[in-house]
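Chemist: Before I ask anything, let me first share the structure, which is written out below as structure tokens.
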Amino acid sequence: MLRKFLTLVTAVAAVLSIAACEEKLDAGSECPLLCPQQATQFRDTTLDAIVEDTTVVGLPPIGSEASLMLSSHGDTLETRAIIRFDTLPQTYTKNSLDSTIVNIDSAILVTPIVRDTLNPIKVPITIEAYNVDPGAAIDSTPADTMTSSIANLFTVDRLLGSKTFAPESILDTLRIPISTDTVLDRVRNGTKLRVGLRVRAGVGVNLQVGTTQAANPVTLRIIASKDTAAQAVVVSPFSSTPANQSFLSGPLADYTLIIRGATPGSPDVLAVGGVPSRRVFLRFDVPSRIVDSTTVVRASLLLTQFPNRRVSPRDSFYVFPAAVLSQATISNVTNALNFLGPNGQFGLDSLLLAPGDSGVKSFEIVGLVRTWKGQTVQTSPRTLGLRSGVEGSLPGEINFFSTRAAVGLRPRLRITYVPQQNYGIP
Amino acid sequence: MMTLQHRASTSASRGRTLASLASVLVALVPHLVGAQSNLSSQGFGYPPGQFSSRALGTGAAIGEIDPLSPINPATLAVLGARTVYFQAQPEYRTVTGPGGTERTTTARYPVVFGAIPVGASWMISIGSSTLLDRTAATTVTTTVPISSTESEVTTTSSKVDGAINDVRIAAAWSPTSWLRAGVGAHAIAGHNRVTLEQTFQDSIQFASFTQQRLLGYGGAAVSGGVELVSKNFNASLSGRWGGNLHLSVEDTTISSGRVPNRFGVSFAYTGIASSTIAVRTSHDSWSALDGLGSPGMKAVDAWDSSIGGDFAGPRFGNQIIFLRTGFRMRTLPFQAAGENVDEKSVSAGLGTQFASNHVLADLAVIRAVRSADIEASERAWTISIGISVRP
């Protein structure tokens, strides 16, 4: 009996001891009565910390847009989409055998579009396709992207085809038939086919067309035979000019051409988006006693927006703050803005803004400011870029006051931080 | 203005003054760091007592004459042989207050040491025991002022790990059969790892953060004790005289105090074969730690008194089963909400020997009630298991 009792007691004690190895400490219901410790003090300060701010027009560079901007706003804005098919295949496959293309049954531009759920198109639109191959005279020179050279090619005699789309049919892909004779001629002669797209509508419209940059380009789909066994020939955009400069010619496989409505930058305005697209560069000077010696819990870039009602003032889009990933050795602002980190990096959050809005807008950049802690300005420059989420794709332009504006309108940086403290000492 | 968002108060009956005090604290203290949310581990923590499982079984009444309790160095002489001792002591704690009832479990390993005989009448030992255990964790959700015009809901998790330990090198001398004497040199060392994590309900604007800080403690003390032994009685007394005690962070001294002095005395009746009935009292000058903490921390000098017995019980084969019981009352070192915290406990225990008396095992179960003149109380079950091996 005693042996059993002792065994039981020992077993219970052992079990409880082992179970207690896994502590359960979390409490708190009796705070603050039983938690007489020092407080975490938050400090909040707003600094004129922006020592350099500028707008760089032309970013991203031509051909690097995530989608092509096809806009029509009358005298205010007119843009076209240029797609180059500089190499066309001369054969098609039928019953696993290659055959020379001698006839074309249909040629269709399969045009992926970015569905704009924020600002859907509500009217019928007509898309026209033009032959914008300038010919041997200028196509091998840098002038082949000049507006003056290409804009004049959108003529009736160069019209390859057109199609009108009802608003409800504007979903994800538009199919535009084009002239089979022209395509066959180019195929047979081994010459380039360059297509310019133009949109027409009763009101101002913006259409975002897929690009090679986003791996979702406009393709040319050729059916070379009525025989159902004949496989379609799908041609992707390709630019052969400028010759032997693939770094330049690659992006030119498809690009946006601004016919009318390009606006210059202003030194007094910080502008994001627009036509041509532009980005904002900001350099900060935040005291080391805050960045390096405290814990920053909030950093808000406060920019005062003023209305820009030139194009699509109510069409909102996201503006992203992004870290400039280049070191201080990249002193050219344009180059630095080419090294923006991806959207959302460091937890940087976007704001949904419309060009016609106004007032103070707060970009939360605490994740970036924290990366500056303990880093020199050489290795981690206190810089930030702002870019539109639809840069080069939609014409909307968000305007903010710069540091040259009146005192109350200038960019500021609000920082909330926890100073160093003797926490933990009872 | 801040409002606590944890469980609502269940009673408003016990003193509106205290409730008002709590409300004022809620309003004035914008955020809490390193909180305990219990009565026992306020300040620098809870003192397990530096007693062996055997002594705890008697309510610590035999602490001054127990060689396995690193209190009185004179008692080492009783060991007589090489000994290694280890003790595990989990505590299951329940705190009840206006916020409801919370249960926590704390693992403690409060005593470990070894001793070896030198010559015919000397024993020396080295060991470590927990002086103050500060292990605790809290999670509190509050609305705190961020600026003069803004407030934000935040959740603060605070965890403190670690203890202040007493590392003792001691020697005992037994010149005659009726006298034992001993001295000890103490290094007071240890650390508290304080981890603070703060998250915000608005995770877009605000970024959560975690801060960690290692508080180090360093100090010294000496101790001495004597034990007078007769056929039927035993009288023991011991004391510890504390030197400076420093609190440092990354080699920078933040504050200083002194190691608390301690004085203890006990009388035991040993006239019953293999049994002991003892009373003990001791006084700790915990207020010496005041300078070590923040200005708001208040340590109080305290008495620790107990009565208990260690009785030879039934035999288990050739082994005697020792049965123990005791009662203890003391004041804990650190005030809670400005009030002294008292602890009363009853204990029971047993012990026996194994492996041809090479292994001694002791078990104690302690039921403690801790209270202060505030609207919160604490109860705890503590199980103490001690194993000593004589190779």
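Residues are named by chain letter and number: chains run A, B, ... in the order of the structure tokens, numbers start at 1 in each chain, and ligands are numbered from 1 in the order shown.
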Which residues come within 9 Å of Ser240 (chain A), counting only C-alpha atoms, excluding same-chain residues fewer than 6 positions away, as a ChimeraX atom specification?

Modeler: /A:84-87,140,246,249-250,252-253

Chemist: So that I can check the surroundings of region 325-330 of chain A, please list as a list of chain:residue names every protein, DNA and RNA residue that reaches within 9 Å of it, counting only C-alpha atoms and ignoring chain neighbours fewer than 5 positions away.

Modeler: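 Everything that qualifies: A:Asn335, A:Ala336, A:Leu337, A:Asn338, A:Phe339, A:Leu340, A:Gly341, A:Val377, A:Gln378, A:Thr379, A:Ser380, A:Pro381, A:Thr383.
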
Chemist: Can I get the selection written as a compact mmCIF listing (two decimals), in the first residue's frame, with N, CA, C and O atoms?

Modeler:
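Below you can see selection_3.txt, which holds the result:
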# COMPACT_ATOMS: atom_id res chain seq x y z
N ASN A 335 19.09 59.17 -63.14
CA ASN A 335 19.61 57.82 -63.02
C ASN A 335 19.13 57.16 -61.73
O ASN A 335 18.78 55.98 -61.70
N ALA A 336 19.14 57.95 -60.65
CA ALA A 336 18.72 57.39 -59.37
C ALA A 336 17.28 56.91 -59.44
O ALA A 336 16.93 55.86 -58.90
N LEU A 337 16.43 57.67 -60.14
CA LEU A 337 15.01 57.29 -60.23
C LEU A 337 14.80 56.06 -61.11
O LEU A 337 13.70 55.50 -61.14
N ASN A 338 15.81 55.67 -61.85
CA ASN A 338 15.73 54.42 -62.58
C ASN A 338 16.00 53.22 -61.69
O ASN A 338 15.87 52.07 -62.12
N PHE A 339 16.45 53.49 -60.45
CA PHE A 339 16.75 52.41 -59.52
C PHE A 339 15.73 52.38 -58.38
O PHE A 339 16.08 52.14 -57.23
N LEU A 340 14.49 52.64 -58.70
CA LEU A 340 13.46 52.56 -57.66
C LEU A 340 13.18 51.09 -57.35
O LEU A 340 13.12 50.24 -58.24
N GLY A 341 12.99 50.83 -56.06
CA GLY A 341 12.63 49.48 -55.65
C GLY A 341 11.21 49.16 -56.05
O GLY A 341 10.44 50.04 -56.48
N VAL A 377 24.77 58.05 -44.96
CA VAL A 377 24.02 58.52 -46.13
C VAL A 377 24.69 58.06 -47.42
O VAL A 377 24.06 58.08 -48.48
N GLN A 378 25.95 57.63 -47.32
CA GLN A 378 26.62 57.13 -48.52
C GLN A 378 26.08 55.75 -48.89
O GLN A 378 25.81 55.45 -50.06
N THR A 379 25.93 54.90 -47.91
CA THR A 379 25.45 53.54 -48.20
C THR A 379 23.93 53.47 -48.26
O THR A 379 23.38 52.63 -48.96
N SER A 380 23.28 54.31 -47.53
CA SER A 380 21.82 54.30 -47.53
C SER A 380 21.31 55.74 -47.63
O SER A 380 20.93 56.35 -46.64
N PRO A 381 21.32 56.29 -48.84
CA PRO A 381 20.90 57.68 -49.00
C PRO A 381 19.47 57.88 -48.50
O PRO A 381 18.62 57.01 -48.67
N THR A 383 16.73 58.98 -49.44
CA THR A 383 16.02 59.41 -50.64
C THR A 383 14.78 58.56 -50.86
O THR A 383 14.68 57.43 -50.36

Chemist: Which residue out of A:Lys361, A:Gln231, A:Phe401, A:Val296 has the minimum interatomic distance to chain B when only C-alpha atoms are used?

Modeler: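 Smallest distance to chain B is found for A:Val296.
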
Chemist: Can you list, as a short mmCIF file (atom, residue, chain, number, x, y, z; two decimals) with all heavy atoms, in the first residue's frame, every protein, DNA or RNA residue that comes within 10 Å of Leu193 (chain A) when you count only C-alpha atoms, leaving out same-chain residues fewer than 4 positions away?

Modeler:
data_model
loop_
_atom_site.label_atom_id
_atom_site.label_comp_id
_atom_site.auth_asym_id
_atom_site.auth_seq_id
_atom_site.Cartn_x
_atom_site.Cartn_y
_atom_site.Cartn_z
N ILE A 83 3.15 49.33 -82.55
CA ILE A 83 3.60 47.95 -82.39
C ILE A 83 4.38 47.56 -83.64
O ILE A 83 3.88 47.69 -84.76
CB ILE A 83 2.42 46.98 -82.18
CG1 ILE A 83 1.59 47.41 -80.96
CG2 ILE A 83 2.92 45.57 -81.96
CD1 ILE A 83 0.29 48.05 -81.32
N ARG A 84 5.59 47.09 -83.41
CA ARG A 84 6.46 46.76 -84.54
C ARG A 84 6.55 45.24 -84.72
O ARG A 84 6.86 44.51 -83.78
CB ARG A 84 7.86 47.31 -84.29
CG ARG A 84 7.92 48.83 -84.30
CD ARG A 84 9.32 49.32 -84.03
NE ARG A 84 9.43 50.76 -84.24
CZ ARG A 84 10.57 51.44 -84.10
NH1 ARG A 84 11.69 50.81 -83.74
NH2 ARG A 84 10.59 52.74 -84.33
N PHE A 85 6.26 44.82 -85.94
CA PHE A 85 6.48 43.42 -86.32
C PHE A 85 7.54 43.45 -87.42
O PHE A 85 7.23 43.36 -88.61
CB PHE A 85 5.18 42.78 -86.81
CG PHE A 85 4.07 42.81 -85.79
CD1 PHE A 85 3.07 43.78 -85.85
CD2 PHE A 85 4.02 41.87 -84.76
CE1 PHE A 85 2.06 43.82 -84.92
CE2 PHE A 85 2.99 41.91 -83.83
CZ PHE A 85 2.01 42.89 -83.91
N ASP A 86 8.78 43.62 -87.01
CA ASP A 86 9.84 43.82 -88.00
C ASP A 86 10.29 42.52 -88.65
O ASP A 86 11.03 42.54 -89.63
CB ASP A 86 11.04 44.52 -87.35
CG ASP A 86 10.76 46.01 -87.14
OD1 ASP A 86 9.64 46.45 -87.47
OD2 ASP A 86 11.64 46.71 -86.62
N THR A 87 9.89 41.42 -88.08
CA THR A 87 10.19 40.12 -88.68
C THR A 87 8.89 39.33 -88.78
O THR A 87 8.25 39.07 -87.77
CB THR A 87 11.21 39.33 -87.84
OG1 THR A 87 12.41 40.09 -87.77
CG2 THR A 87 11.51 37.99 -88.48
N LEU A 88 8.53 38.99 -89.99
CA LEU A 88 7.31 38.21 -90.21
C LEU A 88 7.68 36.85 -90.78
O LEU A 88 8.50 36.76 -91.71
CB LEU A 88 6.37 38.94 -91.17
CG LEU A 88 5.80 40.27 -90.69
CD1 LEU A 88 5.04 40.97 -91.83
CD2 LEU A 88 4.87 40.04 -89.52
N ASN A 131 -0.92 51.50 -90.95
CA ASN A 131 0.43 51.10 -91.33
C ASN A 131 1.34 52.30 -91.09
O ASN A 131 1.27 53.31 -91.78
CB ASN A 131 0.45 50.69 -92.81
CG ASN A 131 1.87 50.46 -93.30
OD1 ASN A 131 2.81 50.37 -92.51
ND2 ASN A 131 2.02 50.37 -94.62
N VAL A 132 2.21 52.18 -90.09
CA VAL A 132 3.08 53.32 -89.76
C VAL A 132 4.54 52.97 -90.05
O VAL A 132 5.44 53.53 -89.43
CB VAL A 132 2.90 53.76 -88.30
CG1 VAL A 132 1.52 54.35 -88.08
CG2 VAL A 132 3.14 52.59 -87.34
N ASP A 133 4.73 52.05 -90.96
CA ASP A 133 6.11 51.78 -91.39
C ASP A 133 6.54 52.92 -92.29
O ASP A 133 5.98 53.12 -93.36
CB ASP A 133 6.14 50.44 -92.14
CG ASP A 133 7.53 50.16 -92.68
OD1 ASP A 133 8.49 50.81 -92.18
OD2 ASP A 133 7.66 49.29 -93.56
N PRO A 134 7.52 53.68 -91.84
CA PRO A 134 7.88 54.87 -92.62
C PRO A 134 8.64 54.54 -93.89
O PRO A 134 8.87 55.43 -94.72
CB PRO A 134 8.76 55.66 -91.65
CG PRO A 134 9.36 54.62 -90.77
CD PRO A 134 8.33 53.53 -90.64
N THR A 182 -2.06 43.83 -97.16
CA THR A 182 -0.85 44.50 -96.67
C THR A 182 0.05 43.50 -95.94
O THR A 182 1.27 43.47 -96.12
CB THR A 182 -1.22 45.65 -95.71
OG1 THR A 182 -2.07 46.56 -96.42
CG2 THR A 182 0.01 46.36 -95.22
N VAL A 183 -0.57 42.68 -95.11
CA VAL A 183 0.23 41.71 -94.34
C VAL A 183 0.90 40.73 -95.30
O VAL A 183 2.09 40.40 -95.15
CB VAL A 183 -0.66 40.97 -93.32
CG1 VAL A 183 0.15 39.87 -92.61
CG2 VAL A 183 -1.24 41.95 -92.32
N ASP A 185 1.68 41.18 -98.37
CA ASP A 185 2.77 41.88 -99.07
C ASP A 185 4.03 41.91 -98.23
O ASP A 185 5.13 41.67 -98.71
CB ASP A 185 2.30 43.30 -99.42
CG ASP A 185 3.41 44.12 -100.03
OD1 ASP A 185 3.80 43.83 -101.17
OD2 ASP A 185 3.91 45.03 -99.33
N ARG A 186 3.87 42.21 -96.95
CA ARG A 186 5.03 42.27 -96.07
C ARG A 186 5.65 40.90 -95.86
O ARG A 186 6.87 40.75 -95.79
CB ARG A 186 4.62 42.85 -94.70
CG ARG A 186 3.98 44.22 -94.79
CD ARG A 186 4.99 45.26 -95.21
NE ARG A 186 4.37 46.46 -95.73
CZ ARG A 186 4.83 47.69 -95.51
NH1 ARG A 186 5.91 47.87 -94.77
NH2 ARG A 186 4.23 48.71 -96.03
N VAL A 187 4.79 39.91 -95.80
CA VAL A 187 5.31 38.54 -95.62
C VAL A 187 6.11 38.12 -96.83
O VAL A 187 7.23 37.61 -96.73
CB VAL A 187 4.14 37.56 -95.35
CG1 VAL A 187 4.64 36.12 -95.44
CG2 VAL A 187 3.52 37.83 -93.99
N LEU A 220 0.11 39.51 -83.66
CA LEU A 220 -0.53 39.42 -84.98
C LEU A 220 -0.82 37.96 -85.24
O LEU A 220 0.08 37.12 -85.26
CB LEU A 220 0.40 39.99 -86.05
CG LEU A 220 -0.08 39.86 -87.49
CD1 LEU A 220 -1.39 40.61 -87.71
CD2 LEU A 220 1.00 40.37 -88.46
N PRO A 237 5.63 41.18 -81.20
CA PRO A 237 6.32 42.41 -81.60
C PRO A 237 7.84 42.24 -81.54
O PRO A 237 8.37 41.58 -80.64
CB PRO A 237 5.83 43.43 -80.57
CG PRO A 237 4.55 42.89 -80.07
CD PRO A 237 4.70 41.41 -80.09
N PHE A 238 8.51 42.86 -82.44
CA PHE A 238 9.96 42.85 -82.48
C PHE A 238 10.42 44.07 -83.26
O PHE A 238 9.87 44.39 -84.31
CB PHE A 238 10.48 41.57 -83.14
CG PHE A 238 11.97 41.58 -83.35
CD1 PHE A 238 12.84 41.35 -82.28
CD2 PHE A 238 12.52 41.82 -84.61
CE1 PHE A 238 14.22 41.37 -82.47
CE2 PHE A 238 13.89 41.84 -84.80
CZ PHE A 238 14.74 41.62 -83.72
#

Chemist: What's around Val118 (chain B) at 10 Å? Count only C-alpha atoms, leave out sequence neighbours fewer than 6 positions away in its own chain, and write the answer as a PyMOL selection string.

Modeler: chain B and resi 80-82+124+171-173

Chemist: Output C-alpha atoms for every residue in that selection, as a short mmCIF file (atom, residue, chain, number, x, y, z; two decimals), in the first residue's frame.

Modeler:
data_model
loop_
_atom_site.label_atom_id
_atom_site.label_comp_id
_atom_site.auth_asym_id
_atom_site.auth_seq_id
_atom_site.Cartn_x
_atom_site.Cartn_y
_atom_site.Cartn_z
CA GLY B 80 30.22 14.66 5.81
CA ALA B 81 30.56 13.28 2.30
CA ARG B 82 30.75 14.44 -1.28
CA ILE B 124 33.64 23.16 1.38
CA ALA B 171 33.42 26.30 4.16
CA ALA B 172 32.24 24.68 7.35
CA TRP B 173 34.24 23.54 10.31
#

Chemist: Ranking B:Ala268, B:Glu102, B:Phe44, B:Ala115 by minimum distance to His191 (chain B) and counting only C-alpha atoms, which one comes first?

Modeler: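 Of B:Ala268, B:Glu102, B:Phe44, B:Ala115, the one nearest His191 (chain B), counting only C-alpha atoms, is B:Phe44.
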
Chemist: Expressed in Å to a single decimal, how great is the separation between CA of Ile71 (chain B) and CA of Gly182 (chain B)?

Modeler: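 That distance, rounded to one decimal, is 10.5 Å.
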